[in-house]
Amino acid sequence: MPALIPIEVPADASSYEASTVHEVYDAIAPHFSQTRYKPWPVISQFLSSLSAGSIGLDSGTGNGKYLPLPVERPGSVWTIGMDRSGELLKLARYAGSTSGSGSVVRREVVLGDALDVCWREGAFDYAISIATIHHLSTPERRRRAIKALLRSVSPSHGRVLIYVWAVDQDELSKRTIPETSTSDSSISKGRDALVPWVLSEQPGKKSEPSGSAKVYQRYYHFFESGELKELTCEAATELGLQIGPPPQDGEGNTRGVEIVQDSWERSNFYIELKLWEV
Amino acid sequence: MVRLITHNLLACHAKGCTTNNFPLVFKDVQLEIRESEMNPEFLRNFYPKLEWDALVKTAEQLGDTSLPKTQPPIESVDEEFLKALHHVLLEIHVEEGAMTCPNCEHRYGIVSGIPNMLLAEHEVA
Ligand SMILES: [Zn+2]
């Protein structure tokens with residue numbers, strides 16, 4: 001595993017992400033997709049807990065590996081995939097199809113930005129954002145992405161699940177996150193780094209850099225403990241949502257968001273939210 | 001893919017475009033009809049969440065007039081009706097063309113079944 005490079009994000013966050021995230025995923029899409037096929041258990045459980053007839057958004061769907069879920073009752077819910085990478089979407093639109101047997105399953109995918117809401121507001125029953133928000137390079141942009149998720153789901157019952165990479169990486173992931181020496185730790189939370197992706201000439205095999213390999217650098221913001229919750233609370237507050245469970249003695253005309261889970265799993269932080277309206 | 005299930009959710013999000021920004025209007029479309037397996041349980045539970053007028057109007061624009069103008073109450077929905085609904089929502093694929101906003105006329109292109117909802121930075125609200 002090549003070393004990660006600590007960085008400071010330049011002023012133009014949008015064009016920085018275009019070159020260190022969007023262009024990289026377009027370039028590595030088929031190769032990347034071969035390594036991303038196993039759904040994470042917490043996300044599978046979340047999708048299995050949805051009632052039949054639910055409609056959802058996977059913001060930053062990548063190769064669409066969550067679109068076929070839940071596996072035990074396919075077609076009982078519909079997840080629509082959105083991503084910034086057109087090349088990844090070309091794969092996502094057939095996610096879950098079995099190659100060879102000729103059974104092609106088509107998914108619904110949309111080229112769109114996790115920062116914007118290109119939907120009727122509140123139209124979805126659920127939204128997931130898996131390993132996406134950590135590719136946004138400023139706290140403002142990460143907060144705006146959470147607001148977009150909260151605005152996309154139903155204010156009365158919408159459910160949201162967000163996953164991001166953590167500064168605390170477990171042994172299996174073999175990543176070590178460099179200390180950022182330049183930035184003032186009192187104002188900036190987490191750490192910003194470039195994570196290399198080695199595209200070898202051999203398809204389907206990730207190898208050490210060699211003469212024939214090309215290395216792409218992807219931007220990541222590694223979240224620290226508590227940061228995802230704090231960002232979520234800021235986003236909710238900006239939208240006028242109360243934070244916590246719905247009050248027992250409902251006063252009327254109040255909206256809020258309950259934090260159902262706020263936890264850590266295998267090098268990731270995740271948070272599950274449920275919106276309410278009384 | 002753009003099927004009507006997705007179209008029923010999409011709205012224009014250009015800067016300042018907040019009213020009459022739904023439903024987007026299909027333009028210059030190429031359609032593909034592909035049969036798929038029906039899930040009656042999904043359809044019944046999803047049914048109340050549909051924007052019915054937008055669905056019927058858009059289906060008509062694409063040449064399908066099988067759905068009634070007024071949304072029938074859920075109790076009266078039978079297997080035959082669900083089949084028609086399934087076809088409209090999930091079997092008509094818009095492969096190429098565009099969707100335009102009824103309000104600001106912004107054009108969202110569709111290439112190989114994938115709609116491009118991206119806006120330039122200055123166009124975003
Ligand atoms: Zn518009």
# chains A, B, ... in the order shown; residues from 1 in each chain; ligands from 1

$ interface_residues --of "chain A" --to "chain B" --cutoff "9 Å" --atoms "only C-alpha atoms" --output "PyMOL selection string"
chain A and resi 14+51-55+74-78+80+84+86+89-90+93+105-113+116-121+123-124

$ residues_near_ligand --ligand "ligand 1" --cutoff "9 Å" --atoms "only C-alpha atoms and all ligand atoms" --output "list in words"
Ala11, Cys12, His13, Ala14, Lys15, Gly16, Cys17, Thr18, Thr19, Asn20, Asn21, Phe22, Leu24, Thr100, Cys101, Pro102, Asn103, Cys104, Glu105, His106 and Arg107 of chain B

$ write_last_selection --atoms "N, CA and C atoms" --output "compact mmCIF listing (two decimals), in the first residue's frame"
# COMPACT_ATOMS: atom_id res chain seq x y z
N ALA B 11 -37.12 16.80 -10.48
CA ALA B 11 -37.62 18.17 -10.62
C ALA B 11 -36.47 19.07 -11.02
N CYS B 12 -36.80 20.16 -11.68
CA CYS B 12 -35.76 21.12 -12.06
C CYS B 12 -35.21 21.78 -10.80
N HIS B 13 -33.88 21.94 -10.75
CA HIS B 13 -33.25 22.55 -9.58
C HIS B 13 -32.34 23.70 -9.98
N ALA B 14 -32.63 24.30 -11.15
CA ALA B 14 -31.84 25.46 -11.57
C ALA B 14 -32.10 26.63 -10.61
N LYS B 15 -31.15 27.52 -10.58
CA LYS B 15 -31.20 28.67 -9.68
C LYS B 15 -32.52 29.43 -9.83
N GLY B 16 -33.21 29.63 -8.73
CA GLY B 16 -34.44 30.42 -8.73
C GLY B 16 -35.65 29.69 -9.26
N CYS B 17 -35.49 28.46 -9.72
CA CYS B 17 -36.61 27.73 -10.30
C CYS B 17 -37.25 26.85 -9.23
N THR B 18 -38.26 27.38 -8.56
CA THR B 18 -38.85 26.65 -7.43
C THR B 18 -40.34 26.37 -7.60
N THR B 19 -40.97 27.03 -8.57
CA THR B 19 -42.38 26.74 -8.80
C THR B 19 -42.57 26.25 -10.23
N ASN B 20 -43.61 25.44 -10.42
CA ASN B 20 -43.90 24.88 -11.74
C ASN B 20 -42.67 24.19 -12.36
N ASN B 21 -41.82 23.61 -11.50
CA ASN B 21 -40.58 22.97 -11.98
C ASN B 21 -40.73 21.45 -12.08
N PHE B 22 -41.97 20.98 -12.07
CA PHE B 22 -42.29 19.56 -12.12
C PHE B 22 -43.65 19.40 -12.78
N LEU B 24 -40.91 17.42 -15.43
CA LEU B 24 -40.11 17.75 -16.60
C LEU B 24 -40.78 17.16 -17.84
N THR B 100 -37.19 18.85 -20.44
CA THR B 100 -37.08 20.29 -20.23
C THR B 100 -37.99 20.72 -19.09
N CYS B 101 -37.58 21.79 -18.43
CA CYS B 101 -38.34 22.32 -17.30
C CYS B 101 -39.52 23.14 -17.82
N PRO B 102 -40.74 22.89 -17.30
CA PRO B 102 -41.91 23.66 -17.76
C PRO B 102 -41.82 25.13 -17.37
N ASN B 103 -41.00 25.44 -16.38
CA ASN B 103 -40.89 26.82 -15.90
C ASN B 103 -39.75 27.58 -16.58
N CYS B 104 -38.51 27.12 -16.41
CA CYS B 104 -37.35 27.88 -16.91
C CYS B 104 -36.81 27.33 -18.23
N GLU B 105 -37.38 26.22 -18.69
CA GLU B 105 -37.00 25.60 -19.96
C GLU B 105 -35.58 25.06 -19.99
N HIS B 106 -34.98 24.89 -18.82
CA HIS B 106 -33.66 24.25 -18.79
C HIS B 106 -33.79 22.84 -19.37
N ARG B 107 -32.79 22.45 -20.15
CA ARG B 107 -32.82 21.16 -20.84
C ARG B 107 -31.84 20.19 -20.18

$ select_by_dssp --residues "range 14-197 of chain A" --states "strand (DSSP E)" --output "PDB file with N, CA, C and O atoms, in the first residue's frame"
ATOM      1  N   ILE A  55     -39.324   3.887  -1.603  1.00  0.00           N
ATOM      2  CA  ILE A  55     -38.539   4.404  -2.721  1.00  0.00           C
ATOM      3  C   ILE A  55     -37.375   5.195  -2.130  1.00  0.00           C
ATOM      4  O   ILE A  55     -37.554   5.951  -1.189  1.00  0.00           O
ATOM      5  N   GLY A  56     -36.157   4.963  -2.667  1.00  0.00           N
ATOM      6  CA  GLY A  56     -34.990   5.564  -2.043  1.00  0.00           C
ATOM      7  C   GLY A  56     -33.972   6.089  -3.024  1.00  0.00           C
ATOM      8  O   GLY A  56     -34.008   5.809  -4.223  1.00  0.00           O
ATOM      9  N   LEU A  57     -33.057   6.876  -2.472  1.00  0.00           N
ATOM     10  CA  LEU A  57     -31.981   7.490  -3.239  1.00  0.00           C
ATOM     11  C   LEU A  57     -30.651   6.988  -2.706  1.00  0.00           C
ATOM     12  O   LEU A  57     -30.416   7.025  -1.493  1.00  0.00           O
ATOM     13  N   ASP A  58     -29.772   6.514  -3.597  1.00  0.00           N
ATOM     14  CA  ASP A  58     -28.401   6.185  -3.235  1.00  0.00           C
ATOM     15  C   ASP A  58     -27.520   7.278  -3.831  1.00  0.00           C
ATOM     16  O   ASP A  58     -27.197   7.255  -5.017  1.00  0.00           O
ATOM     17  N   SER A  59     -27.172   8.241  -2.987  1.00  0.00           N
ATOM     18  CA  SER A  59     -26.422   9.407  -3.439  1.00  0.00           C
ATOM     19  C   SER A  59     -24.926   9.093  -3.413  1.00  0.00           C
ATOM     20  O   SER A  59     -24.350   8.938  -2.342  1.00  0.00           O
ATOM     21  N   TRP A  78     -37.436   0.213  -4.270  1.00  0.00           N
ATOM     22  CA  TRP A  78     -36.662   0.706  -5.414  1.00  0.00           C
ATOM     23  C   TRP A  78     -35.662   1.739  -4.935  1.00  0.00           C
ATOM     24  O   TRP A  78     -36.042   2.738  -4.336  1.00  0.00           O
ATOM     25  N   THR A  79     -34.383   1.476  -5.218  1.00  0.00           N
ATOM     26  CA  THR A  79     -33.356   2.472  -4.918  1.00  0.00           C
ATOM     27  C   THR A  79     -32.857   3.051  -6.235  1.00  0.00           C
ATOM     28  O   THR A  79     -32.477   2.309  -7.137  1.00  0.00           O
ATOM     29  N   ILE A  80     -32.900   4.364  -6.339  1.00  0.00           N
ATOM     30  CA  ILE A  80     -32.418   5.057  -7.531  1.00  0.00           C
ATOM     31  C   ILE A  80     -30.994   5.544  -7.257  1.00  0.00           C
ATOM     32  O   ILE A  80     -30.733   6.169  -6.227  1.00  0.00           O
ATOM     33  N   GLY A  81     -30.080   5.210  -8.166  1.00  0.00           N
ATOM     34  CA  GLY A  81     -28.678   5.539  -7.956  1.00  0.00           C
ATOM     35  C   GLY A  81     -28.291   6.862  -8.597  1.00  0.00           C
ATOM     36  O   GLY A  81     -28.674   7.145  -9.729  1.00  0.00           O
ATOM     37  N   MET A  82     -27.542   7.670  -7.863  1.00  0.00           N
ATOM     38  CA  MET A  82     -27.054   8.940  -8.411  1.00  0.00           C
ATOM     39  C   MET A  82     -25.547   9.007  -8.192  1.00  0.00           C
ATOM     40  O   MET A  82     -25.050   8.581  -7.156  1.00  0.00           O
ATOM     41  N   ASP A  83     -24.835   9.519  -9.175  1.00  0.00           N
ATOM     42  CA  ASP A  83     -23.387   9.670  -9.026  1.00  0.00           C
ATOM     43  C   ASP A  83     -22.891  10.781  -9.932  1.00  0.00           C
ATOM     44  O   ASP A  83     -23.573  11.181 -10.883  1.00  0.00           O
ATOM     45  N   VAL A 109     -30.585   4.978 -12.835  1.00  0.00           N
ATOM     46  CA  VAL A 109     -29.440   5.778 -12.405  1.00  0.00           C
ATOM     47  C   VAL A 109     -29.483   7.170 -13.026  1.00  0.00           C
ATOM     48  O   VAL A 109     -29.996   7.358 -14.134  1.00  0.00           O
ATOM     49  N   VAL A 110     -28.957   8.133 -12.293  1.00  0.00           N
ATOM     50  CA  VAL A 110     -29.022   9.535 -12.682  1.00  0.00           C
ATOM     51  C   VAL A 110     -27.649  10.174 -12.462  1.00  0.00           C
ATOM     52  O   VAL A 110     -27.035   9.979 -11.411  1.00  0.00           O
ATOM     53  N   LEU A 111     -27.178  10.904 -13.469  1.00  0.00           N
ATOM     54  CA  LEU A 111     -25.946  11.674 -13.325  1.00  0.00           C
ATOM     55  C   LEU A 111     -26.284  12.952 -12.567  1.00  0.00           C
ATOM     56  O   LEU A 111     -27.015  13.809 -13.080  1.00  0.00           O
ATOM     57  N   TYR A 126     -36.316   6.979   1.852  1.00  0.00           N
ATOM     58  CA  TYR A 126     -34.998   6.803   2.479  1.00  0.00           C
ATOM     59  C   TYR A 126     -33.918   7.293   1.522  1.00  0.00           C
ATOM     60  O   TYR A 126     -34.151   7.425   0.307  1.00  0.00           O
ATOM     61  N   ALA A 127     -32.770   7.577   2.100  1.00  0.00           N
ATOM     62  CA  ALA A 127     -31.607   7.950   1.296  1.00  0.00           C
ATOM     63  C   ALA A 127     -30.377   7.359   1.955  1.00  0.00           C
ATOM     64  O   ALA A 127     -30.282   7.344   3.190  1.00  0.00           O
ATOM     65  N   ILE A 128     -29.463   6.832   1.129  1.00  0.00           N
ATOM     66  CA  ILE A 128     -28.187   6.375   1.678  1.00  0.00           C
ATOM     67  C   ILE A 128     -27.058   7.135   0.984  1.00  0.00           C
ATOM     68  O   ILE A 128     -27.167   7.520  -0.177  1.00  0.00           O
ATOM     69  N   SER A 129     -26.005   7.375   1.741  1.00  0.00           N
ATOM     70  CA  SER A 129     -24.824   8.061   1.222  1.00  0.00           C
ATOM     71  C   SER A 129     -23.628   7.294   1.745  1.00  0.00           C
ATOM     72  O   SER A 129     -23.236   7.445   2.900  1.00  0.00           O
ATOM     73  N   ILE A 130     -23.104   6.407   0.913  1.00  0.00           N
ATOM     74  CA  ILE A 130     -22.065   5.486   1.366  1.00  0.00           C
ATOM     75  C   ILE A 130     -20.733   5.873   0.734  1.00  0.00           C
ATOM     76  O   ILE A 130     -20.588   5.856  -0.487  1.00  0.00           O
ATOM     77  N   ARG A 159     -35.846   8.220   6.209  1.00  0.00           N
ATOM     78  CA  ARG A 159     -34.708   7.621   6.917  1.00  0.00           C
ATOM     79  C   ARG A 159     -33.443   7.834   6.099  1.00  0.00           C
ATOM     80  O   ARG A 159     -33.462   7.749   4.872  1.00  0.00           O
ATOM     81  N   VAL A 160     -32.341   8.113   6.791  1.00  0.00           N
ATOM     82  CA  VAL A 160     -31.077   8.430   6.115  1.00  0.00           C
ATOM     83  C   VAL A 160     -29.950   7.630   6.763  1.00  0.00           C
ATOM     84  O   VAL A 160     -29.905   7.506   7.990  1.00  0.00           O
ATOM     85  N   LEU A 161     -29.065   7.079   5.932  1.00  0.00           N
ATOM     86  CA  LEU A 161     -27.870   6.390   6.441  1.00  0.00           C
ATOM     87  C   LEU A 161     -26.641   6.956   5.730  1.00  0.00           C
ATOM     88  O   LEU A 161     -26.589   6.987   4.505  1.00  0.00           O
ATOM     89  N   ILE A 162     -25.673   7.423   6.514  1.00  0.00           N
ATOM     90  CA  ILE A 162     -24.457   8.037   5.956  1.00  0.00           C
ATOM     91  C   ILE A 162     -23.224   7.294   6.472  1.00  0.00           C
ATOM     92  O   ILE A 162     -23.113   7.041   7.669  1.00  0.00           O
ATOM     93  N   TYR A 163     -22.330   6.952   5.554  1.00  0.00           N
ATOM     94  CA  TYR A 163     -21.058   6.290   5.881  1.00  0.00           C
ATOM     95  C   TYR A 163     -19.897   7.140   5.386  1.00  0.00           C
ATOM     96  O   TYR A 163     -19.930   7.623   4.256  1.00  0.00           O
ATOM     97  N   VAL A 164     -18.887   7.280   6.209  1.00  0.00           N
ATOM     98  CA  VAL A 164     -17.673   7.992   5.772  1.00  0.00           C
ATOM     99  C   VAL A 164     -16.436   7.294   6.339  1.00  0.00           C
ATOM    100  O   VAL A 164     -16.512   6.594   7.348  1.00  0.00           O
ATOM    101  N   TRP A 165     -15.306   7.528   5.695  1.00  0.00           N
ATOM    102  CA  TRP A 165     -14.050   6.954   6.197  1.00  0.00           C
ATOM    103  C   TRP A 165     -13.618   7.680   7.471  1.00  0.00           C
ATOM    104  O   TRP A 165     -13.751   8.903   7.570  1.00  0.00           O
ATOM    105  N   ARG A 191      -8.856  14.825   8.863  1.00  0.00           N
ATOM    106  CA  ARG A 191      -7.619  15.047   8.101  1.00  0.00           C
ATOM    107  C   ARG A 191      -7.889  14.906   6.607  1.00  0.00           C
ATOM    108  O   ARG A 191      -8.660  14.064   6.187  1.00  0.00           O
ATOM    109  N   ASP A 192      -7.218  15.731   5.848  1.00  0.00           N
ATOM    110  CA  ASP A 192      -7.345  15.692   4.395  1.00  0.00           C
ATOM    111  C   ASP A 192      -6.127  14.995   3.800  1.00  0.00           C
ATOM    112  O   ASP A 192      -4.999  15.317   4.169  1.00  0.00           O
ATOM    113  N   ALA A 193      -6.371  14.072   2.889  1.00  0.00           N
ATOM    114  CA  ALA A 193      -5.247  13.364   2.274  1.00  0.00           C
ATOM    115  C   ALA A 193      -5.611  12.875   0.886  1.00  0.00           C
ATOM    116  O   ALA A 193      -6.777  12.728   0.547  1.00  0.00           O
ATOM    117  N   LEU A 194      -4.575  12.626   0.113  1.00  0.00           N
ATOM    118  CA  LEU A 194      -4.759  11.978  -1.180  1.00  0.00           C
ATOM    119  C   LEU A 194      -4.464  10.492  -1.015  1.00  0.00           C
ATOM    120  O   LEU A 194      -3.479  10.120  -0.392  1.00  0.00           O
ATOM    121  N   VAL A 195      -5.348   9.672  -1.534  1.00  0.00           N
ATOM    122  CA  VAL A 195      -5.204   8.227  -1.428  1.00  0.00           C
ATOM    123  C   VAL A 195      -4.939   7.673  -2.823  1.00  0.00           C
ATOM    124  O   VAL A 195      -5.749   7.869  -3.725  1.00  0.00           O
ATOM    125  N   PRO A 196      -3.816   7.009  -3.010  1.00  0.00           N
ATOM    126  CA  PRO A 196      -3.482   6.549  -4.361  1.00  0.00           C
ATOM    127  C   PRO A 196      -4.315   5.364  -4.811  1.00  0.00           C
ATOM    128  O   PRO A 196      -4.685   4.499  -4.006  1.00  0.00           O
ATOM    129  N   TRP A 197      -4.629   5.331  -6.077  1.00  0.00           N
ATOM    130  CA  TRP A 197      -5.256   4.163  -6.697  1.00  0.00           C
ATOM    131  C   TRP A 197      -4.318   3.720  -7.817  1.00  0.00           C
ATOM    132  O   TRP A 197      -4.036   4.486  -8.738  1.00  0.00           O
TER     133      TRP A 197
END

$ residues_around --residues "Phe81 in chain B" --least-positions-apart "4" --cutoff "10 Å" --atoms "only C-alpha atoms" --output "PDB file with C-alpha atoms, in the first residue's frame"
ATOM      1  CA  SER B  66     -53.869   3.045 -20.431  1.00  0.00           C
ATOM      2  CA  LEU B  67     -54.143   4.899 -17.114  1.00  0.00           C
ATOM      3  CA  PRO B  68     -57.281   6.807 -16.006  1.00  0.00           C
ATOM      4  CA  PRO B  72     -58.602   5.264  -8.511  1.00  0.00           C
ATOM      5  CA  SER B  76     -60.428  -0.630  -6.230  1.00  0.00           C
ATOM      6  CA  VAL B  77     -57.021  -1.523  -7.636  1.00  0.00           C
ATOM      7  CA  LEU B  85     -49.304   0.606 -13.862  1.00  0.00           C
ATOM      8  CA  HIS B  86     -46.264  -1.690 -13.851  1.00  0.00           C
ATOM      9  CA  HIS B  87     -45.919  -1.255 -17.599  1.00  0.00           C
TER      10      HIS B  87
END

$ closest_residue --among "B:Asp28, B:Asp53, B:Glu75, B:Glu123" --to "Ala98 in chain B" --atoms "only C-alpha atoms"
B:Asp28

$ closest_residue --among "A:Pro70, A:His31, A:Leu239, A:Gly158" --to "Ser48 in chain A" --atoms "only C-alpha atoms"
A:Pro70

$ atom_distance --atom1 "CA of Glu23 in chain A" --atom2 "CA of Gln169 in chain A"
25.8 Å

$ select_by_dssp --residues "range 27-86 of chain B" --states "alpha helix (DSSP H)" --output "mmCIF file with N, CA and C atoms, in the first residue's frame"
data_model
loop_
_atom_site.group_PDB
_atom_site.id
_atom_site.type_symbol
_atom_site.label_atom_id
_atom_site.label_comp_id
_atom_site.auth_asym_id
_atom_site.auth_seq_id
_atom_site.Cartn_x
_atom_site.Cartn_y
_atom_site.Cartn_z
ATOM 1 N N PRO B 40 -46.283 -6.961 -7.233
ATOM 2 C CA PRO B 40 -47.537 -6.318 -6.832
ATOM 3 C C PRO B 40 -47.461 -5.643 -5.460
ATOM 4 N N GLU B 41 -46.693 -6.233 -4.560
ATOM 5 C CA GLU B 41 -46.586 -5.664 -3.214
ATOM 6 C C GLU B 41 -45.903 -4.293 -3.261
ATOM 7 N N PHE B 42 -44.833 -4.207 -4.067
ATOM 8 C CA PHE B 42 -44.174 -2.906 -4.223
ATOM 9 C C PHE B 42 -45.155 -1.888 -4.789
ATOM 10 N N LEU B 43 -45.837 -2.270 -5.861
ATOM 11 C CA LEU B 43 -46.720 -1.321 -6.558
ATOM 12 C C LEU B 43 -47.848 -0.821 -5.656
ATOM 13 N N ARG B 44 -48.480 -1.736 -4.916
ATOM 14 C CA ARG B 44 -49.586 -1.337 -4.035
ATOM 15 C C ARG B 44 -49.145 -0.335 -2.977
ATOM 16 N N ASN B 45 -47.966 -0.586 -2.395
ATOM 17 C CA ASN B 45 -47.491 0.292 -1.324
ATOM 18 C C ASN B 45 -46.910 1.600 -1.855
ATOM 19 N N PHE B 46 -46.397 1.545 -3.071
ATOM 20 C CA PHE B 46 -45.818 2.751 -3.679
ATOM 21 C C PHE B 46 -46.915 3.654 -4.244
ATOM 22 N N TRP B 52 -49.915 11.515 -9.438
ATOM 23 C CA TRP B 52 -50.716 10.835 -10.455
ATOM 24 C C TRP B 52 -50.876 11.648 -11.737
ATOM 25 N N ASP B 53 -51.237 12.919 -11.593
ATOM 26 C CA ASP B 53 -51.472 13.748 -12.785
ATOM 27 C C ASP B 53 -50.228 13.802 -13.674
ATOM 28 N N ALA B 54 -49.072 13.961 -13.027
ATOM 29 C CA ALA B 54 -47.817 14.014 -13.783
ATOM 30 C C ALA B 54 -47.561 12.695 -14.494
ATOM 31 N N LEU B 55 -47.874 11.598 -13.822
ATOM 32 C CA LEU B 55 -47.636 10.277 -14.407
ATOM 33 C C LEU B 55 -48.520 10.053 -15.637
ATOM 34 N N VAL B 56 -49.805 10.369 -15.502
ATOM 35 C CA VAL B 56 -50.751 10.140 -16.600
ATOM 36 C C VAL B 56 -50.417 11.026 -17.804
ATOM 37 N N LYS B 57 -50.148 12.296 -17.495
ATOM 38 C CA LYS B 57 -49.824 13.258 -18.553
ATOM 39 C C LYS B 57 -48.557 12.836 -19.312
ATOM 40 N N THR B 58 -47.544 12.417 -18.564
ATOM 41 C CA THR B 58 -46.270 12.045 -19.187
ATOM 42 C C THR B 58 -46.414 10.749 -19.979
ATOM 43 N N ALA B 59 -47.177 9.797 -19.435
ATOM 44 C CA ALA B 59 -47.402 8.539 -20.154
ATOM 45 C C ALA B 59 -48.096 8.826 -21.490
ATOM 46 N N GLU B 60 -49.047 9.731 -21.464
ATOM 47 C CA GLU B 60 -49.748 10.121 -22.697
ATOM 48 C C GLU B 60 -48.778 10.702 -23.720
ATOM 49 N N GLN B 61 -47.873 11.565 -23.237
ATOM 50 C CA GLN B 61 -46.877 12.155 -24.138
ATOM 51 C C GLN B 61 -46.017 11.076 -24.786
ATOM 52 N N GLU B 79 -55.610 -6.643 -10.221
ATOM 53 C CA GLU B 79 -54.421 -7.176 -10.892
ATOM 54 C C GLU B 79 -54.216 -6.548 -12.286
ATOM 55 N N GLU B 80 -55.321 -6.418 -12.997
ATOM 56 C CA GLU B 80 -55.268 -5.865 -14.352
ATOM 57 C C GLU B 80 -54.713 -4.438 -14.339
ATOM 58 N N PHE B 81 -55.221 -3.656 -13.384
ATOM 59 C CA PHE B 81 -54.772 -2.275 -13.225
ATOM 60 C C PHE B 81 -53.286 -2.226 -12.854
ATOM 61 N N LEU B 82 -52.887 -3.104 -11.933
ATOM 62 C CA LEU B 82 -51.478 -3.137 -11.517
ATOM 63 C C LEU B 82 -50.565 -3.454 -12.702
ATOM 64 N N LYS B 83 -51.028 -4.312 -13.601
ATOM 65 C CA LYS B 83 -50.224 -4.650 -14.782
ATOM 66 C C LYS B 83 -49.994 -3.416 -15.656
ATOM 67 N N ALA B 84 -51.066 -2.633 -15.830
ATOM 68 C CA ALA B 84 -50.935 -1.407 -16.626
ATOM 69 C C ALA B 84 -49.999 -0.417 -15.942
ATOM 70 N N LEU B 85 -50.153 -0.308 -14.630
ATOM 71 C CA LEU B 85 -49.304 0.606 -13.862
ATOM 72 C C LEU B 85 -47.833 0.163 -13.930
ATOM 73 N N HIS B 86 -47.620 -1.139 -13.765
ATOM 74 C CA HIS B 86 -46.264 -1.690 -13.851
ATOM 75 C C HIS B 86 -45.635 -1.358 -15.210
#

$ atom_distance --atom1 "CA of His221 in chain A" --atom2 "CA of Leu275 in chain A"
26.4 Å

$ atom_distance --atom1 "CA of Phe46 in chain A" --atom2 "CA of Val88 in chain B"
28.9 Å

$ residues_around --residues "Asn253 in chain A" --least-positions-apart "3" --cutoff "12 Å" --atoms "only C-alpha atoms" --output "number ranges by chain"
A: 155-156, 240-242, 246-247, 250, 256, 276-278

$ residues_around --residues "Trp264 in chain A" --least-positions-apart "3" --cutoff "10 Å" --atoms "only C-alpha atoms" --output "list in words"
Tyr163, Val164, Trp165, Ala166, Asp168, Ser225, Gln261, Ser267, Asn268, Phe269, Tyr270 and Ile271 of chain A

$ residues_around --residues "range 140-144 of chain A" --least-positions-apart "3" --cutoff "10 Å" --atoms "only C-alpha atoms" --output "list in words"
Ala13, Ser14, Ala114, Leu115, Asp116, Thr132, Ile133, His134, His135, Leu136, Ser137, Lys147, Ala148, Leu149, Leu150, His221, Leu228, Glu230, Leu231, Thr232, Cys233, Glu234, Ala235, Ala236 and Glu238 of chain A

$ decode --residues "range 71-81 of chain B" --atoms "N, CA, C and O atoms" --output "compact mmCIF listing (two decimals), in the first residue's frame"
# COMPACT_ATOMS: atom_id res chain seq x y z
N GLN B 71 -56.93 9.30 -10.23
CA GLN B 71 -56.32 8.14 -9.58
C GLN B 71 -57.39 7.34 -8.83
O GLN B 71 -58.01 7.86 -7.90
N PRO B 72 -57.60 6.08 -9.21
CA PRO B 72 -58.60 5.26 -8.51
C PRO B 72 -58.17 5.01 -7.06
O PRO B 72 -56.98 4.91 -6.79
N PRO B 73 -59.13 4.91 -6.15
CA PRO B 73 -58.77 4.61 -4.76
C PRO B 73 -58.09 3.24 -4.68
O PRO B 73 -58.39 2.34 -5.47
N ILE B 74 -57.19 3.12 -3.72
CA ILE B 74 -56.37 1.91 -3.61
C ILE B 74 -57.21 0.64 -3.48
O ILE B 74 -56.85 -0.41 -3.99
N GLU B 75 -58.39 0.75 -2.84
CA GLU B 75 -59.26 -0.43 -2.62
C GLU B 75 -59.74 -1.01 -3.95
O GLU B 75 -60.00 -2.21 -4.06
N SER B 76 -59.87 -0.16 -4.96
CA SER B 76 -60.43 -0.63 -6.23
C SER B 76 -59.36 -1.15 -7.19
O SER B 76 -59.67 -1.56 -8.31
N VAL B 77 -58.11 -1.13 -6.75
CA VAL B 77 -57.02 -1.52 -7.64
C VAL B 77 -56.95 -3.04 -7.77
O VAL B 77 -56.81 -3.75 -6.77
N ASP B 78 -57.10 -3.54 -8.99
CA ASP B 78 -57.03 -4.99 -9.21
C ASP B 78 -55.77 -5.35 -10.00
O ASP B 78 -54.98 -4.49 -10.38
N GLU B 79 -55.61 -6.64 -10.22
CA GLU B 79 -54.42 -7.18 -10.89
C GLU B 79 -54.22 -6.55 -12.29
O GLU B 79 -53.11 -6.20 -12.67
N GLU B 80 -55.32 -6.42 -13.00
CA GLU B 80 -55.27 -5.87 -14.35
C GLU B 80 -54.71 -4.44 -14.34
O GLU B 80 -53.85 -4.06 -15.15
N PHE B 81 -55.22 -3.66 -13.38
CA PHE B 81 -54.77 -2.27 -13.22
C PHE B 81 -53.29 -2.23 -12.85
O PHE B 81 -52.53 -1.42 -13.39
